[in-house]
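**Student:** As input, take start-v2.tsv (TSV, N, CA and C atoms):
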chain	number	residue	atom	x	y	z
A	1	MET	N	-0.29	-13.59	-39.98
A	1	MET	CA	0.98	-13.74	-39.29
A	1	MET	C	1.04	-15.16	-38.74
A	2	SER	N	2.11	-15.87	-39.07
A	2	SER	CA	2.25	-17.25	-38.60
A	2	SER	C	2.70	-17.29	-37.14
A	3	ALA	N	2.62	-18.45	-36.56
A	3	ALA	CA	2.98	-18.61	-35.14
A	3	ALA	C	4.46	-18.34	-34.92
A	4	SER	N	5.31	-18.77	-35.84
A	4	SER	CA	6.74	-18.53	-35.67
A	4	SER	C	7.07	-17.04	-35.82
A	5	ALA	N	6.38	-16.36	-36.73
A	5	ALA	CA	6.60	-14.92	-36.88
A	5	ALA	C	6.13	-14.17	-35.64
A	6	LEU	N	5.01	-14.60	-35.05
A	6	LEU	CA	4.51	-13.98	-33.84
A	6	LEU	C	5.47	-14.19	-32.67
A	7	SER	N	5.96	-15.42	-32.51
A	7	SER	CA	6.90	-15.67	-31.40
A	7	SER	C	8.21	-14.91	-31.61
A	8	ARG	N	8.68	-14.78	-32.85
A	8	ARG	CA	9.90	-14.02	-33.13
A	8	ARG	C	9.68	-12.54	-32.82
A	9	PHE	N	8.50	-12.01	-33.16
A	9	PHE	CA	8.17	-10.62	-32.85
A	9	PHE	C	8.16	-10.39	-31.35
A	10	ILE	N	7.55	-11.30	-30.60
A	10	ILE	CA	7.47	-11.17	-29.15
A	10	ILE	C	8.86	-11.17	-28.54
A	11	LEU	N	9.73	-12.06	-28.99
A	11	LEU	CA	11.08	-12.13	-28.43
A	11	LEU	C	11.94	-10.94	-28.85
A	12	ASP	N	11.72	-10.41	-30.06
A	12	ASP	CA	12.48	-9.25	-30.51
A	12	ASP	C	12.06	-7.97	-29.80
A	13	HIS	N	10.81	-7.87	-29.41
A	13	HIS	CA	10.28	-6.69	-28.73
A	13	HIS	C	9.81	-7.10	-27.34
A	14	SER	N	10.69	-7.66	-26.56
A	14	SER	CA	10.29	-8.30	-25.31
A	14	SER	C	9.71	-7.34	-24.29
A	15	VAL	N	10.26	-6.13	-24.16
A	15	VAL	CA	9.73	-5.20	-23.17
A	15	VAL	C	8.33	-4.74	-23.56
A	16	THR	N	8.14	-4.41	-24.81
A	16	THR	CA	6.82	-3.97	-25.28
A	16	THR	C	5.81	-5.09	-25.16
A	17	SER	N	6.17	-6.28	-25.65
A	17	SER	CA	5.22	-7.39	-25.59
A	17	SER	C	5.00	-7.83	-24.15
A	18	GLY	N	6.05	-7.79	-23.33
A	18	GLY	CA	5.88	-8.12	-21.91
A	18	GLY	C	4.96	-7.16	-21.21
A	19	THR	N	5.09	-5.88	-21.53
A	19	THR	CA	4.22	-4.87	-20.94
A	19	THR	C	2.77	-5.10	-21.37
A	20	LEU	N	2.56	-5.41	-22.63
A	20	LEU	CA	1.19	-5.66	-23.11
A	20	LEU	C	0.59	-6.91	-22.49
A	21	ILE	N	1.40	-7.96	-22.31
A	21	ILE	CA	0.92	-9.18	-21.66
A	21	ILE	C	0.57	-8.89	-20.21
A	22	ALA	N	1.45	-8.17	-19.50
A	22	ALA	CA	1.17	-7.81	-18.10
A	22	ALA	C	-0.06	-6.93	-18.00
A	23	LEU	N	-0.25	-6.03	-18.96
A	23	LEU	CA	-1.43	-5.16	-18.98
A	23	LEU	C	-2.70	-6.01	-19.13
A	24	ALA	N	-2.70	-6.91	-20.08
A	24	ALA	CA	-3.89	-7.75	-20.32
A	24	ALA	C	-4.19	-8.62	-19.10
A	25	LEU	N	-3.18	-9.28	-18.56
A	25	LEU	CA	-3.40	-10.13	-17.38
A	25	LEU	C	-3.78	-9.29	-16.17
A	26	GLY	N	-3.17	-8.12	-16.03
A	26	GLY	CA	-3.50	-7.24	-14.92
A	26	GLY	C	-4.94	-6.79	-14.95
A	27	ILE	N	-5.44	-6.46	-16.14
A	27	ILE	CA	-6.84	-6.06	-16.26
A	27	ILE	C	-7.76	-7.23	-15.89
A	28	VAL	N	-7.41	-8.43	-16.36
A	28	VAL	CA	-8.22	-9.60	-16.01
A	28	VAL	C	-8.24	-9.80	-14.50
A	29	PHE	N	-7.07	-9.75	-13.86
A	29	PHE	CA	-7.01	-9.98	-12.41
A	29	PHE	C	-7.64	-8.83	-11.62
A	30	GLN	N	-7.63	-7.62	-12.14
A	30	GLN	CA	-8.26	-6.50	-11.45
A	30	GLN	C	-9.77	-6.67	-11.36
A	31	PHE	N	-10.35	-7.21	-12.41
A	31	PHE	CA	-11.80	-7.30	-12.45
A	31	PHE	C	-12.34	-8.61	-11.89
A	32	LEU	N	-11.46	-9.51	-11.45
A	32	LEU	CA	-11.91	-10.71	-10.75
A	32	LEU	C	-12.07	-10.35	-9.27
A	33	PRO	N	-13.25	-10.49	-8.72
A	33	PRO	CA	-13.41	-10.11	-7.31
A	33	PRO	C	-12.61	-11.05	-6.40
A	34	ASN	N	-11.99	-10.48	-5.41
A	34	ASN	CA	-11.23	-11.21	-4.39
A	34	ASN	C	-9.97	-11.89	-4.91
A	35	TYR	N	-9.50	-11.54	-6.09
A	35	TYR	CA	-8.29	-12.16	-6.61
A	35	TYR	C	-7.24	-11.14	-7.02
A	36	TRP	N	-7.23	-9.97	-6.43
A	36	TRP	CA	-6.27	-8.94	-6.80
A	36	TRP	C	-4.84	-9.38	-6.48
A	37	GLN	N	-4.66	-10.33	-5.55
A	37	GLN	CA	-3.33	-10.79	-5.18
A	37	GLN	C	-2.63	-11.50	-6.34
A	38	LEU	N	-3.40	-11.99	-7.29
A	38	LEU	CA	-2.82	-12.68	-8.44
A	38	LEU	C	-2.10	-11.73	-9.38
A	39	ILE	N	-2.07	-10.45	-9.04
A	39	ILE	CA	-1.41	-9.46	-9.88
A	39	ILE	C	0.07	-9.80	-10.06
A	40	ILE	N	0.64	-10.53	-9.11
A	40	ILE	CA	2.05	-10.92	-9.25
A	40	ILE	C	2.23	-11.85	-10.45
A	41	PHE	N	1.20	-12.64	-10.79
A	41	PHE	CA	1.28	-13.51	-11.96
A	41	PHE	C	1.21	-12.70	-13.26
A	42	ALA	N	0.61	-11.53	-13.20
A	42	ALA	CA	0.59	-10.66	-14.38
A	42	ALA	C	2.01	-10.22	-14.73
A	43	GLY	N	2.89	-10.16	-13.75
A	43	GLY	CA	4.28	-9.85	-14.01
A	43	GLY	C	5.11	-11.10	-14.29
A	44	LEU	N	4.72	-12.22	-13.71
A	44	LEU	CA	5.48	-13.45	-13.86
A	44	LEU	C	5.52	-13.91	-15.32
A	45	VAL	N	4.40	-13.87	-15.99
A	45	VAL	CA	4.33	-14.37	-17.37
A	45	VAL	C	5.24	-13.58	-18.31
A	46	PRO	N	5.22	-12.24	-18.31
A	46	PRO	CA	6.17	-11.54	-19.18
A	46	PRO	C	7.61	-11.76	-18.75
A	47	GLY	N	7.83	-12.00	-17.47
A	47	GLY	CA	9.18	-12.28	-17.01
A	47	GLY	C	9.75	-13.55	-17.62
A	48	LEU	N	8.87	-14.46	-17.99
A	48	LEU	CA	9.33	-15.70	-18.61
A	48	LEU	C	9.80	-15.50	-20.05
A	49	ILE	N	9.37	-14.41	-20.71
A	49	ILE	CA	9.80	-14.20	-22.09
A	49	ILE	C	10.92	-13.18	-22.22
A	50	VAL	N	11.16	-12.40	-21.16
A	50	VAL	CA	12.20	-11.38	-21.20
A	50	VAL	C	13.48	-11.98	-20.64
A	51	LYS	N	14.60	-11.75	-21.31
A	51	LYS	CA	15.86	-12.36	-20.88
A	51	LYS	C	16.60	-11.52	-19.84
A	52	SER	N	16.40	-10.24	-19.83
A	52	SER	CA	17.13	-9.34	-18.94
A	52	SER	C	16.30	-9.05	-17.69
A	53	LEU	N	16.92	-9.11	-16.54
A	53	LEU	CA	16.22	-8.85	-15.28
A	53	LEU	C	15.69	-7.42	-15.20
A	54	PRO	N	16.48	-6.38	-15.52
A	54	PRO	CA	15.92	-5.02	-15.47
A	54	PRO	C	14.78	-4.81	-16.46
A	55	ARG	N	14.92	-5.34	-17.66
A	55	ARG	CA	13.85	-5.18	-18.66
A	55	ARG	C	12.60	-5.95	-18.24
A	56	GLY	N	12.79	-7.12	-17.64
A	56	GLY	CA	11.66	-7.88	-17.14
A	56	GLY	C	10.93	-7.12	-16.05
A	57	PHE	N	11.70	-6.54	-15.12
A	57	PHE	CA	11.08	-5.77	-14.05
A	57	PHE	C	10.29	-4.61	-14.61
A	58	VAL	N	10.87	-3.90	-15.58
A	58	VAL	CA	10.20	-2.74	-16.19
A	58	VAL	C	8.91	-3.17	-16.89
A	59	SER	N	8.95	-4.28	-17.62
A	59	SER	CA	7.75	-4.71	-18.34
A	59	SER	C	6.64	-5.11	-17.36
A	60	GLY	N	6.98	-5.81	-16.29
A	60	GLY	CA	5.97	-6.17	-15.30
A	60	GLY	C	5.44	-4.95	-14.56
A	61	PHE	N	6.35	-4.05	-14.20
A	61	PHE	CA	5.97	-2.83	-13.48
A	61	PHE	C	5.02	-1.99	-14.32
A	62	LEU	N	5.41	-1.72	-15.56
A	62	LEU	CA	4.59	-0.85	-16.43
A	62	LEU	C	3.26	-1.49	-16.79
A	63	GLY	N	3.27	-2.79	-17.07
A	63	GLY	CA	2.02	-3.46	-17.42
A	63	GLY	C	1.01	-3.41	-16.29
A	64	VAL	N	1.46	-3.67	-15.07
A	64	VAL	CA	0.56	-3.62	-13.92
A	64	VAL	C	0.14	-2.18	-13.62
A	65	LEU	N	1.07	-1.25	-13.77
A	65	LEU	CA	0.72	0.16	-13.56
A	65	LEU	C	-0.38	0.59	-14.53
A	66	PHE	N	-0.23	0.25	-15.81
A	66	PHE	CA	-1.23	0.62	-16.80
A	66	PHE	C	-2.56	-0.08	-16.53
A	67	SER	N	-2.51	-1.33	-16.04
A	67	SER	CA	-3.77	-2.01	-15.72
A	67	SER	C	-4.48	-1.33	-14.56
A	68	TRP	N	-3.73	-0.79	-13.61
A	68	TRP	CA	-4.34	-0.04	-12.52
A	68	TRP	C	-4.92	1.28	-13.02
A	69	VAL	N	-4.26	1.91	-13.95
A	69	VAL	CA	-4.79	3.15	-14.52
A	69	VAL	C	-6.14	2.86	-15.19
A	70	VAL	N	-6.22	1.77	-15.94
A	70	VAL	CA	-7.48	1.39	-16.58
A	70	VAL	C	-8.54	1.09	-15.52
A	71	TYR	N	-8.15	0.35	-14.48
A	71	TYR	CA	-9.10	-0.03	-13.43
A	71	TYR	C	-9.63	1.19	-12.67
A	72	VAL	N	-8.73	2.08	-12.29
A	72	VAL	CA	-9.15	3.28	-11.55
A	72	VAL	C	-10.01	4.17	-12.44
A	73	ALA	N	-9.66	4.31	-13.71
A	73	ALA	CA	-10.48	5.11	-14.63
A	73	ALA	C	-11.87	4.50	-14.77
A	74	TYR	N	-11.94	3.19	-14.86
A	74	TYR	CA	-13.24	2.52	-14.95
A	74	TYR	C	-14.07	2.79	-13.70
A	75	LEU	N	-13.46	2.62	-12.53
A	75	LEU	CA	-14.19	2.87	-11.28
A	75	LEU	C	-14.61	4.32	-11.16
A	76	TRP	N	-13.77	5.22	-11.63
A	76	TRP	CA	-14.06	6.65	-11.58
A	76	TRP	C	-15.32	6.98	-12.39
A	77	ILE	N	-15.48	6.27	-13.49
A	77	ILE	CA	-16.61	6.53	-14.39
A	77	ILE	C	-17.90	5.88	-13.90
A	78	VAL	N	-17.84	4.64	-13.42
A	78	VAL	CA	-19.08	3.89	-13.16
A	78	VAL	C	-19.54	3.89	-11.71
A	79	SER	N	-18.74	4.37	-10.79
A	79	SER	CA	-19.15	4.30	-9.39
A	79	SER	C	-18.73	5.57	-8.65
A	80	PRO	N	-19.27	5.76	-7.46
A	80	PRO	CA	-18.90	6.94	-6.68
A	80	PRO	C	-17.58	6.75	-5.94
A	81	VAL	N	-16.56	6.34	-6.67
A	81	VAL	CA	-15.28	6.03	-6.05
A	81	VAL	C	-14.60	7.27	-5.47
A	82	VAL	N	-14.90	8.43	-5.98
A	82	VAL	CA	-14.29	9.66	-5.47
A	82	VAL	C	-14.64	9.86	-4.00
A	83	GLN	N	-15.89	9.64	-3.67
A	83	GLN	CA	-16.32	9.80	-2.28
A	83	GLN	C	-15.70	8.74	-1.38
A	84	VAL	N	-15.61	7.50	-1.88
A	84	VAL	CA	-15.03	6.41	-1.09
A	84	VAL	C	-13.55	6.68	-0.85
A	85	ILE	N	-12.82	7.09	-1.88
A	85	ILE	CA	-11.40	7.38	-1.75
A	85	ILE	C	-11.18	8.55	-0.80
A	86	SER	N	-12.02	9.53	-0.89
A	86	SER	CA	-11.93	10.70	-0.02
A	86	SER	C	-12.15	10.31	1.44
A	87	THR	N	-13.16	9.50	1.68
A	87	THR	CA	-13.45	9.06	3.05
A	87	THR	C	-12.33	8.18	3.58
A	88	LEU	N	-11.85	7.25	2.77
A	88	LEU	CA	-10.75	6.39	3.18
A	88	LEU	C	-9.49	7.20	3.44
A	89	GLY	N	-9.24	8.19	2.62
A	89	GLY	CA	-8.09	9.07	2.83
A	89	GLY	C	-8.20	9.83	4.13
A	90	ASP	N	-9.40	10.27	4.48
A	90	ASP	CA	-9.60	10.97	5.75
A	90	ASP	C	-9.34	10.05	6.93
A	91	ILE	N	-9.74	8.79	6.81
A	91	ILE	CA	-9.52	7.82	7.88
A	91	ILE	C	-8.03	7.56	8.08
A	92	VAL	N	-7.32	7.39	6.98
A	92	VAL	CA	-5.88	7.08	7.04
A	92	VAL	C	-5.05	8.32	7.33
A	93	GLY	N	-5.54	9.47	6.96
A	93	GLY	CA	-4.81	10.71	7.18
A	93	GLY	C	-4.00	11.16	5.98
A	94	LEU	N	-4.33	10.64	4.81
A	94	LEU	CA	-3.67	11.03	3.56
A	94	LEU	C	-4.73	11.53	2.59
A	95	PRO	N	-4.35	12.39	1.66
A	95	PRO	CA	-5.30	12.76	0.61
A	95	PRO	C	-5.67	11.51	-0.21
A	96	GLY	N	-6.92	11.44	-0.65
A	96	GLY	CA	-7.40	10.27	-1.39
A	96	GLY	C	-6.57	9.93	-2.62
A	97	PRO	N	-6.24	10.90	-3.47
A	97	PRO	CA	-5.43	10.58	-4.65
A	97	PRO	C	-4.04	10.04	-4.29
A	98	MET	N	-3.47	10.52	-3.19
A	98	MET	CA	-2.17	9.99	-2.77
A	98	MET	C	-2.30	8.53	-2.34
A	99	LEU	N	-3.40	8.20	-1.70
A	99	LEU	CA	-3.65	6.83	-1.28
A	99	LEU	C	-3.77	5.91	-2.49
A	100	VAL	N	-4.48	6.37	-3.51
A	100	VAL	CA	-4.61	5.60	-4.74
A	100	VAL	C	-3.25	5.45	-5.42
A	101	GLY	N	-2.48	6.53	-5.44
A	101	GLY	CA	-1.14	6.48	-6.02
A	101	GLY	C	-0.24	5.48	-5.29
A	102	LEU	N	-0.31	5.45	-3.98
A	102	LEU	CA	0.48	4.48	-3.22
A	102	LEU	C	0.04	3.05	-3.51
A	103	ALA	N	-1.27	2.84	-3.62
A	103	ALA	CA	-1.76	1.51	-3.97
A	103	ALA	C	-1.28	1.09	-5.36
A	104	MET	N	-1.28	2.03	-6.29
A	104	MET	CA	-0.80	1.74	-7.64
A	104	MET	C	0.69	1.44	-7.64
A	105	LEU	N	1.45	2.17	-6.84
A	105	LEU	CA	2.89	1.93	-6.74
A	105	LEU	C	3.18	0.55	-6.17
A	106	VAL	N	2.49	0.20	-5.09
A	106	VAL	CA	2.71	-1.12	-4.48
A	106	VAL	C	2.34	-2.24	-5.45
A	107	ALA	N	1.19	-2.11	-6.12
A	107	ALA	CA	0.78	-3.13	-7.08
A	107	ALA	C	1.78	-3.23	-8.23
A	108	SER	N	2.30	-2.09	-8.69
A	108	SER	CA	3.28	-2.10	-9.78
A	108	SER	C	4.58	-2.76	-9.33
A	109	LEU	N	4.96	-2.52	-8.09
A	109	LEU	CA	6.15	-3.19	-7.56
A	109	LEU	C	5.94	-4.71	-7.50
A	110	PHE	N	4.72	-5.13	-7.15
A	110	PHE	CA	4.42	-6.57	-7.17
A	110	PHE	C	4.52	-7.12	-8.59
A	111	GLY	N	4.04	-6.38	-9.57
A	111	GLY	CA	4.17	-6.80	-10.96
A	111	GLY	C	5.61	-6.90	-11.39
A	112	GLY	N	6.43	-5.92	-11.00
A	112	GLY	CA	7.85	-5.96	-11.31
A	112	GLY	C	8.55	-7.12	-10.61
A	113	LEU	N	8.17	-7.37	-9.36
A	113	LEU	CA	8.72	-8.50	-8.62
A	113	LEU	C	8.35	-9.81	-9.29
A	114	GLY	N	7.10	-9.92	-9.72
A	114	GLY	CA	6.68	-11.13	-10.43
A	114	GLY	C	7.48	-11.35	-11.70
A	115	ALA	N	7.76	-10.27	-12.42
A	115	ALA	CA	8.57	-10.38	-13.64
A	115	ALA	C	10.00	-10.78	-13.31
A	116	ALA	N	10.55	-10.24	-12.23
A	116	ALA	CA	11.91	-10.63	-11.83
A	116	ALA	C	11.95	-12.11	-11.45
A	117	ILE	N	10.91	-12.58	-10.79
A	117	ILE	CA	10.83	-14.01	-10.46
A	117	ILE	C	10.74	-14.83	-11.75
A	118	GLY	N	9.95	-14.36	-12.72
A	118	GLY	CA	9.83	-15.05	-13.99
A	118	GLY	C	11.14	-15.14	-14.75
A	119	VAL	N	11.90	-14.03	-14.77
A	119	VAL	CA	13.21	-14.04	-15.43
A	119	VAL	C	14.14	-15.03	-14.73
A	120	THR	N	14.11	-15.03	-13.41
A	120	THR	CA	14.98	-15.93	-12.66
A	120	THR	C	14.58	-17.39	-12.89
A	121	LEU	N	13.29	-17.68	-12.92
A	121	LEU	CA	12.84	-19.05	-13.19
A	121	LEU	C	13.26	-19.49	-14.59
A	122	ARG	N	13.17	-18.57	-15.54
A	122	ARG	CA	13.60	-18.90	-16.91
A	122	ARG	C	15.09	-19.23	-16.93
A	123	ARG	N	15.89	-18.42	-16.26
A	123	ARG	CA	17.33	-18.67	-16.22
A	123	ARG	C	17.65	-20.00	-15.55
A	124	LEU	N	16.94	-20.31	-14.46
A	124	LEU	CA	17.16	-21.58	-13.79
A	124	LEU	C	16.79	-22.75	-14.69
A	125	GLY	N	15.69	-22.60	-15.44
A	125	GLY	CA	15.29	-23.65	-16.37
A	125	GLY	C	16.28	-23.85	-17.49
A	126	GLU	N	16.85	-22.77	-17.99
A	126	GLU	CA	17.85	-22.86	-19.08
A	126	GLU	C	19.16	-23.47	-18.56
A	127	ARG	N	19.49	-23.20	-17.31
A	127	ARG	CA	20.72	-23.71	-16.74
A	127	ARG	C	20.67	-25.22	-16.52
A	128	HIS	N	19.49	-25.74	-16.25
A	128	HIS	CA	19.35	-27.17	-15.96
A	128	HIS	C	19.05	-28.00	-17.19
A	129	GLN	N	19.13	-27.42	-18.36
A	129	GLN	CA	18.89	-28.19	-19.59
A	129	GLN	C	20.18	-28.66	-20.19
Is it possible to give me this structure as structure tokens?

**Tutor:**
Amino acid sequence: MSASALSRFILDHSVTSGTLIALALGIVFQFLPNYWQLIIFAGLVPGLIVKSLPRGFVSGFLGVLFSWVVYVAYLWIVSPVVQVISTLGDIVGLPGPMLVGLAMLVASLFGGLGAAIGVTLRRLGERHQ
């Protein structure tokens, strides 16, 4: 597949490719210690290739959500995260899985916000050309 065919495919399937880009970047940022805040950039990059604001938000939201699913599944398998989540949930006063779900929702909203910022930056760049 040539570079022009790849770029045409990405632009033709912007939500799918944006979601996959956000997923890949989200996984990278999840596994970097102390850099989880960069998750907004996982949404920003797909936002730059998606032309529609709602579609950009959806691609960033879903990509980051799926990256959190991968991250939580990984932690569930390799560490005693169940006990930690349970204890943290008891401290906060929420069930542990609900706490994880809220964290995933907030992170996904950050990914969607990053994508919306990316779409807006793209539009501003196109307007000034």

**Student:** Looking at only N, CA and C atoms, which of A:His128, A:Leu88, A:Tyr35, A:Leu62 is the one that sits closest to A:Leu23?

**Tutor:**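 Going through A:His128, A:Leu88, A:Tyr35, A:Leu62 one by one, the smallest distance to A:Leu23 is for A:Leu62.
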
**Student:** What's the separation between atom CA of A:Ala73 and atom CA of A:Ile27, in Å to one decimal place?

**Tutor:** 11.9 Å

**Student:** As a PyMOL selection string, please: every residue in chain A that a backbone DSSP assignment puts in alpha helix (DSSP H).

**Tutor:** chain A and resi 3-12+14-31+39-49+53-78+81-92+96-127

**Student:** If we count only C-alpha atoms and set the cut-off at 8 Å, which residues sit around A:Leu44, ignoring sequence neighbours fewer than 6 positions away in its own chain? Please answer as a list in words.

**Tutor:**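 Contacts, with the query itself left out: Gly60, Gly111, Leu113, Gly114, Ala115, Ala116, Ile117, Gly118 and Val119 of chain A.
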
**Student:** Would you list the contacts of A:Ser59 as an NGL selection string, taking every protein, DNA or RNA residue within 8 Å and counting all atoms listed in the file, but skipping same-chain residues closer than 4 positions in sequence?

**Tutor:** :A and (14-23 or 42-43 or 46-47 or 53-55 or 63-65 or 111-112 or 115)

**Student:** Using only N, CA and C atoms, which residue out of A:Pro97, A:Ser67, A:Phe61, A:Ala5 lies closest to A:Gly26?

**Tutor:** A:Ser67

**Student:** How far is it from atom CA of A:Asp90 to atom N of A:Leu32, in Å with one decimal?

**Tutor:**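 Separation between atom CA of A:Asp90 and atom N of A:Leu32: 26.8 Å.
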
**Student:** For atom N of A:Leu109 and atom CA of A:Ile85, quote the distance in Å rounded to one decimal.

**Tutor:** 20.1 Å

**Student:** Draw an axis-aligned box over all listed atoms of stretch 27-33 of chain A, pad each side with 4 Å, and write its centre and edge lengths in Å, one decimal, as lines of an AutoDock Vina configuration file.

**Tutor:**
center_x = -9.4
center_y = -8.6
center_z = -11.4
size_x = 16.0
size_y = 13.0
size_z = 18.0

**Student:** Please, could all heavy atoms be added to stretch 114-122 of chain A and the result written as a tab-separated table (two decimals), keeping the file's coordinate frame?

**Tutor:**
chain	number	residue	atom	x	y	z
A	114	GLY	N	7.10	-9.92	-9.72
A	114	GLY	CA	6.68	-11.13	-10.43
A	114	GLY	C	7.48	-11.35	-11.70
A	114	GLY	O	7.88	-12.47	-12.02
A	115	ALA	N	7.76	-10.27	-12.42
A	115	ALA	CA	8.57	-10.38	-13.64
A	115	ALA	C	10.00	-10.78	-13.31
A	115	ALA	O	10.59	-11.60	-14.01
A	115	ALA	CB	8.55	-9.06	-14.40
A	116	ALA	N	10.55	-10.24	-12.23
A	116	ALA	CA	11.91	-10.63	-11.83
A	116	ALA	C	11.95	-12.11	-11.45
A	116	ALA	O	12.91	-12.81	-11.78
A	116	ALA	CB	12.36	-9.76	-10.65
A	117	ILE	N	10.91	-12.58	-10.79
A	117	ILE	CA	10.83	-14.01	-10.46
A	117	ILE	C	10.74	-14.83	-11.75
A	117	ILE	O	11.37	-15.88	-11.88
A	117	ILE	CB	9.64	-14.28	-9.53
A	117	ILE	CG1	9.89	-13.67	-8.15
A	117	ILE	CG2	9.36	-15.77	-9.41
A	117	ILE	CD1	8.69	-13.67	-7.24
A	118	GLY	N	9.95	-14.36	-12.72
A	118	GLY	CA	9.83	-15.05	-13.99
A	118	GLY	C	11.14	-15.14	-14.75
A	118	GLY	O	11.49	-16.19	-15.29
A	119	VAL	N	11.90	-14.03	-14.77
A	119	VAL	CA	13.21	-14.04	-15.43
A	119	VAL	C	14.14	-15.03	-14.73
A	119	VAL	O	14.84	-15.82	-15.38
A	119	VAL	CB	13.83	-12.63	-15.45
A	119	VAL	CG1	15.27	-12.67	-15.90
A	119	VAL	CG2	13.01	-11.70	-16.33
A	120	THR	N	14.11	-15.03	-13.41
A	120	THR	CA	14.98	-15.93	-12.66
A	120	THR	C	14.58	-17.39	-12.89
A	120	THR	O	15.46	-18.25	-13.06
A	120	THR	CB	14.90	-15.59	-11.15
A	120	THR	OG1	15.24	-14.21	-10.98
A	120	THR	CG2	15.85	-16.44	-10.35
A	121	LEU	N	13.29	-17.68	-12.92
A	121	LEU	CA	12.84	-19.05	-13.19
A	121	LEU	C	13.26	-19.49	-14.59
A	121	LEU	O	13.65	-20.64	-14.79
A	121	LEU	CB	11.33	-19.15	-13.04
A	121	LEU	CG	10.78	-19.09	-11.62
A	121	LEU	CD1	9.26	-19.09	-11.64
A	121	LEU	CD2	11.31	-20.27	-10.80
A	122	ARG	N	13.17	-18.57	-15.54
A	122	ARG	CA	13.60	-18.90	-16.91
A	122	ARG	C	15.09	-19.23	-16.93
A	122	ARG	O	15.51	-20.20	-17.54
A	122	ARG	CB	13.30	-17.75	-17.85
A	122	ARG	CG	13.77	-18.01	-19.26
A	122	ARG	CD	13.59	-16.83	-20.15
A	122	ARG	NE	14.18	-17.13	-21.44
A	122	ARG	CZ	13.78	-16.60	-22.55
A	122	ARG	NH1	12.81	-15.74	-22.57
A	122	ARG	NH2	14.38	-16.91	-23.69
